file input_39.cif (mmCIF, C-alpha atoms)
data_run
loop_
_atom_site.label_atom_id
_atom_site.label_comp_id
_atom_site.auth_asym_id
_atom_site.auth_seq_id
_atom_site.Cartn_x
_atom_site.Cartn_y
_atom_site.Cartn_z
CA MET D 1 -4.48 -5.25 4.60
CA THR D 2 -8.16 -5.52 5.37
CA GLY D 3 -10.37 -3.55 7.73
CA ALA D 4 -9.50 -0.37 9.60
CA PHE D 5 -7.16 0.67 6.77
CA TYR D 6 -6.37 4.36 6.38
CA ARG D 7 -4.50 6.33 3.74
CA PHE D 8 -3.54 9.88 4.64
CA ARG D 9 -1.76 12.48 2.53
CA SER D 10 -0.56 15.84 3.76
CA THR D 11 1.42 18.61 2.13
CA TRP D 12 3.18 21.09 4.35
CA LEU D 13 4.62 24.32 2.96
CA LEU D 14 7.43 25.52 5.21
CA PRO D 15 8.35 29.08 4.18
CA ALA D 16 11.91 30.33 4.58
CA SER D 17 13.18 26.85 5.48
CA ALA D 18 15.93 25.06 3.58
CA PRO D 19 15.15 21.50 2.43
CA GLY D 20 18.23 20.12 4.19
CA ARG D 21 17.17 21.64 7.51
CA VAL D 22 13.61 20.28 7.14
CA PHE D 23 14.98 16.84 6.28
CA ASP D 24 17.24 16.85 9.34
CA VAL D 25 14.43 17.85 11.71
CA VAL D 26 11.83 15.37 10.42
CA THR D 27 14.26 12.45 10.42
CA ASP D 28 15.24 13.19 14.05
CA LEU D 29 12.40 11.27 15.73
CA ALA D 30 13.75 11.96 19.21
CA GLY D 31 13.20 15.68 18.61
CA TYR D 32 9.50 15.46 17.71
CA PRO D 33 8.19 16.41 21.19
CA ARG D 34 10.09 19.72 20.89
CA TRP D 35 7.86 20.88 18.04
CA TRP D 36 4.85 18.54 17.85
CA SER D 37 2.61 18.72 20.90
CA ASP D 38 0.72 15.52 19.99
CA VAL D 39 3.92 13.46 20.22
CA ARG D 40 4.05 13.04 23.97
CA ALA D 41 7.16 10.84 24.25
CA VAL D 42 9.81 9.13 22.15
CA HIS D 43 11.82 6.14 23.33
CA ARG D 44 14.84 5.05 21.32
CA VAL D 45 14.84 1.30 20.70
CA ASP D 46 17.99 1.14 18.55
CA ASP D 47 19.80 3.25 15.93
CA ASP D 48 17.01 2.73 13.39
CA THR D 49 13.95 2.34 15.61
CA ALA D 50 12.02 4.58 17.98
CA GLU D 51 8.73 4.15 19.81
CA LEU D 52 6.44 7.18 19.80
CA VAL D 53 3.54 7.83 22.14
CA CYS D 54 0.96 10.13 20.53
CA ARG D 55 -2.23 11.64 21.78
CA SER D 56 -4.40 14.17 20.02
CA ARG D 57 -7.86 15.39 21.07
CA LEU D 58 -9.55 12.01 21.52
CA PRO D 59 -9.09 10.37 24.95
CA PHE D 60 -6.70 7.61 23.94
CA ARG D 61 -3.09 7.33 22.94
CA ILE D 62 -1.42 5.61 20.03
CA VAL D 63 1.89 3.82 20.57
CA VAL D 64 3.77 3.09 17.38
CA ARG D 65 7.26 1.91 16.57
CA MET D 66 8.93 3.59 13.62
CA HIS D 67 11.73 1.65 11.96
CA ARG D 68 13.87 3.48 9.38
CA ASP D 69 13.41 1.88 5.98
CA LEU D 70 14.77 4.63 3.70
CA GLN D 71 16.63 7.85 4.44
CA ASP D 72 18.12 9.54 1.37
CA GLU D 73 18.88 13.19 2.04
CA ARG D 74 20.24 13.80 -1.46
CA ARG D 75 16.88 12.86 -3.00
CA GLY D 76 14.89 14.22 -0.05
CA LEU D 77 13.15 10.89 0.58
CA MET D 78 12.41 9.10 3.82
CA ARG D 79 10.25 6.16 4.82
CA VAL D 80 9.62 4.29 8.05
CA ARG D 81 7.82 1.03 8.71
CA LEU D 82 5.24 1.28 11.45
CA SER D 83 4.23 -1.38 13.97
CA GLY D 84 2.27 -1.41 17.18
CA ASP D 85 -1.12 0.30 17.36
CA LEU D 86 -0.69 1.09 13.65
CA ASP D 87 0.99 -1.13 11.05
CA GLY D 88 2.12 0.14 7.69
CA THR D 89 4.35 2.83 6.27
CA LEU D 90 4.90 6.54 6.57
CA ALA D 91 6.83 8.21 3.77
CA GLY D 92 8.03 11.75 3.27
CA ALA D 93 9.45 13.74 0.39
CA VAL D 94 11.19 17.08 0.86
CA ARG D 95 11.80 19.50 -2.00
CA ALA D 96 12.53 23.16 -2.51
CA ALA D 97 9.49 25.34 -3.18
CA GLY D 98 10.34 28.95 -3.90
CA ALA D 99 12.02 30.42 -0.83
CA GLY D 100 10.89 27.50 1.32
CA THR D 101 10.36 23.77 1.38
CA LEU D 102 7.48 21.47 0.58
CA LEU D 103 7.11 18.35 2.73
CA GLU D 104 4.76 15.71 1.33
CA ILE D 105 3.69 13.01 3.76
CA THR D 106 1.93 9.76 2.85
CA GLN D 107 0.70 7.29 5.44
CA ASP D 108 -0.75 3.87 4.64
CA VAL D 109 -1.72 2.22 7.89
CA GLN D 110 -3.91 -0.46 9.33
CA ALA D 111 -5.22 0.11 12.83
CA ARG D 112 -4.20 -2.64 15.25
CA LYS D 113 -5.35 -0.93 18.45
CA GLU D 114 -8.54 -2.72 19.50
CA LEU D 115 -10.42 0.53 20.15
CA LEU D 116 -9.73 1.79 16.62
CA ARG D 117 -10.66 -1.54 15.04
CA ARG D 118 -13.83 -1.99 17.06
CA PHE D 119 -15.23 1.48 16.31
CA ASP D 120 -13.82 1.93 12.80
CA THR D 121 -17.17 1.58 11.05
CA VAL D 122 -19.01 4.21 13.09
CA ALA D 123 -16.16 6.48 14.20
CA ARG D 124 -14.04 6.60 11.02
CA PRO D 125 -14.99 10.24 10.27
CA LEU D 126 -14.06 11.20 13.83
CA PHE D 127 -10.75 9.32 13.63
CA ARG D 128 -9.94 11.02 10.30
CA ALA D 129 -10.82 14.46 11.73
CA ASN D 130 -8.64 13.77 14.78
CA HIS D 131 -5.75 12.84 12.49
CA ALA D 132 -6.26 16.01 10.43
CA LEU D 133 -6.09 18.13 13.61
CA MET D 134 -2.95 16.34 14.70
CA MET D 135 -1.31 16.94 11.33
CA ARG D 136 -2.34 20.61 11.38
CA ARG D 137 -0.70 21.05 14.79
CA GLY D 138 2.39 19.22 13.52
CA HIS D 139 2.62 21.56 10.53
CA ARG D 140 2.25 24.66 12.71
CA GLY D 141 4.72 23.34 15.28
CA LEU D 142 7.34 22.50 12.67
CA SER D 143 6.90 25.88 10.97
CA ALA D 144 7.42 27.69 14.27
CA TYR D 145 10.36 25.47 15.24
CA LEU D 146 12.15 26.13 11.96
CA THR D 147 11.88 29.93 12.22
#

call {"tool": "encode", "arguments": {"input": "input_39.cif", "output": "structure tokens"}}
result
Amino acid sequence: MTGAFYRFRSTWLLPASAPGRVFDVVTDLAGYPRWWSDVRAVHRVDDDTAELVCRSRLPFRIVVRMHRDLQDERRGLMRVRLSGDLDGTLAGAVRAAGAGTLLEITQDVQARKELLRRFDTVARPLFRANHALMMRRGHRGLSAYLT
């Protein structure tokens, strides 16, 4: 992938939450709007695919299809292929961490939305900061939802 490529990594500590419960919630894409305010809508396409509409602080939305590629609860691993305004992969790993759970998220994406591609060179730091805020709100929302 060339141009407008982003790699994001996040680690979320979810105290007092069992790994199985975290896995169930994060693999239920339809439930994201219940705990993640930046996920404005989810439309089921088929049993393995959902389309998410996201909007953070910047005045535009991202529409992305997530297609299940891997879902292994026993190993705590999940991965979806992304298409639409972002192409690439989003992977997660869930594991016990003391009395809680650690969720590690890796995203390798290429922006396809024209606005993101056009302004990538000058606005990349702003786009990265916007993503960080979105992930922070997701972490807080999931933590609250699980308790």

call {"tool": "closest_atom_pairs", "arguments": {"input": "input_39.cif", "of": "segment 43-137 of chain D", "to": "segment 2-25 of chain D", "cutoff": "7 Å", "atoms": "only C-alpha atoms", "output": "tab-separated table"}}
result
residue	atom	partner	partner_atom	distance
D:Glu73	CA	D:Phe23	CA	6.8
D:Gly76	CA	D:Phe23	CA	6.9
D:Val94	CA	D:Pro19	CA	6.1
D:Arg95	CA	D:Pro19	CA	5.9
D:Ala96	CA	D:Pro19	CA	5.8
D:Ala99	CA	D:Ala16	CA	5.4
D:Gly100	CA	D:Pro15	CA	4.1
D:Thr101	CA	D:Leu14	CA	5.1
D:Leu102	CA	D:Leu13	CA	4.7
D:Leu103	CA	D:Trp12	CA	5.1
D:Glu104	CA	D:Thr11	CA	4.5
D:Ile105	CA	D:Ser10	CA	5.1
D:Thr106	CA	D:Arg9	CA	4.6
D:Gln107	CA	D:Phe8	CA	5.0
D:Asp108	CA	D:Arg7	CA	4.6
D:Val109	CA	D:Tyr6	CA	5.3
D:Gln110	CA	D:Phe5	CA	4.3
D:Ala111	CA	D:Ala4	CA	5.4
D:Arg117	CA	D:Ala4	CA	5.7
D:Asp120	CA	D:Ala4	CA	5.8

call {"tool": "atom_distance", "arguments": {"input": "input_39.cif", "atom1": "atom CA of Ala129 of chain D", "atom2": "atom CA of His67 of chain D"}}
result
25.9 Å

call {"tool": "residues_around", "arguments": {"input": "input_39.cif", "residues": "Gly138 of chain D", "least_positions_apart": "5", "cutoff": "12 Å", "atoms": "only C-alpha atoms", "output": "list in words"}}
result
Ser10, Thr11, Trp12, Leu13, Leu14, Val26, Tyr32, Pro33, Arg34, Trp35, Trp36, Ser37, Asp38, Val39, Cys54, Ser56, Leu103, Ile105, His131, Ala132, Leu133, Ser143, Ala144 and Tyr145 of chain D

call {"tool": "residues_around", "arguments": {"input": "input_39.cif", "residues": "Asp72 of chain D", "least_positions_apart": "6", "cutoff": "10 Å", "atoms": "all atoms listed in the file", "output": "PyMOL selection string"}}
result
chain D and resi 23+78-79+93

call {"tool": "axis_aligned_box", "arguments": {"input": "input_39.cif", "around": "segment 20-31 of chain D", "padding_each_side": "4 Å", "output": "lines of an AutoDock Vina configuration file"}}
result
center_x = 15.0
center_y = 16.5
center_z = 11.7
size_x = 14.4
size_y = 18.4
size_z = 23.0

call {"tool": "closest_residue", "arguments": {"input": "input_39.cif", "among": "D:Ala123, D:Arg55, D:Ala41, D:Arg81", "to": "Arg137 of chain D", "atoms": "only C-alpha atoms"}}
result
D:Arg55

call {"tool": "atom_distance", "arguments": {"input": "input_39.cif", "atom1": "atom CA of Ala50 of chain D", "atom2": "atom CA of Ala30 of chain D"}}
result
7.7 Å

call {"tool": "atom_distance", "arguments": {"input": "input_39.cif", "atom1": "atom CA of Gly141 of chain D", "atom2": "atom CA of Lys113 of chain D"}}
result
26.5 Å

call {"tool": "resolve_selection", "arguments": {"input": "input_39.cif", "expression": "the PyMOL selection byres ((chain D and resi 84) around 9)", "output": "PDB file with C-alpha atoms, in the coordinates of the input"}}
result
ATOM      1  CA  GLU D  51       8.730   4.150  19.810  1.00  0.00           C
ATOM      2  CA  ILE D  62      -1.420   5.610  20.030  1.00  0.00           C
ATOM      3  CA  VAL D  63       1.890   3.820  20.570  1.00  0.00           C
ATOM      4  CA  VAL D  64       3.770   3.090  17.380  1.00  0.00           C
ATOM      5  CA  ARG D  65       7.260   1.910  16.570  1.00  0.00           C
ATOM      6  CA  LEU D  82       5.240   1.280  11.450  1.00  0.00           C
ATOM      7  CA  SER D  83       4.230  -1.380  13.970  1.00  0.00           C
ATOM      8  CA  ASP D  85      -1.120   0.300  17.360  1.00  0.00           C
ATOM      9  CA  LEU D  86      -0.690   1.090  13.650  1.00  0.00           C
ATOM     10  CA  ASP D  87       0.990  -1.130  11.050  1.00  0.00           C
ATOM     11  CA  ALA D 111      -5.220   0.110  12.830  1.00  0.00           C
ATOM     12  CA  ARG D 112      -4.200  -2.640  15.250  1.00  0.00           C
ATOM     13  CA  LYS D 113      -5.350  -0.930  18.450  1.00  0.00           C
TER      14      LYS D 113
END

call {"tool": "residues_around", "arguments": {"input": "input_39.cif", "residues": "Val80 of chain D", "least_positions_apart": "6", "cutoff": "10 Å", "atoms": "all atoms listed in the file", "output": "short mmCIF file (atom, residue, chain, number, x, y, z; two decimals) with C-alpha atoms, in the coordinates of the input"}}
result
data_model
loop_
_atom_site.label_atom_id
_atom_site.label_comp_id
_atom_site.auth_asym_id
_atom_site.auth_seq_id
_atom_site.Cartn_x
_atom_site.Cartn_y
_atom_site.Cartn_z
CA THR D 27 14.26 12.45 10.42
CA ASP D 48 17.01 2.73 13.39
CA THR D 49 13.95 2.34 15.61
CA ARG D 65 7.26 1.91 16.57
CA MET D 66 8.93 3.59 13.62
CA HIS D 67 11.73 1.65 11.96
CA ARG D 68 13.87 3.48 9.38
CA ASP D 69 13.41 1.88 5.98
CA LEU D 70 14.77 4.63 3.70
CA GLN D 71 16.63 7.85 4.44
CA GLY D 88 2.12 0.14 7.69
CA THR D 89 4.35 2.83 6.27
CA LEU D 90 4.90 6.54 6.57
CA ALA D 91 6.83 8.21 3.77
CA GLY D 92 8.03 11.75 3.27
CA GLN D 107 0.70 7.29 5.44
#
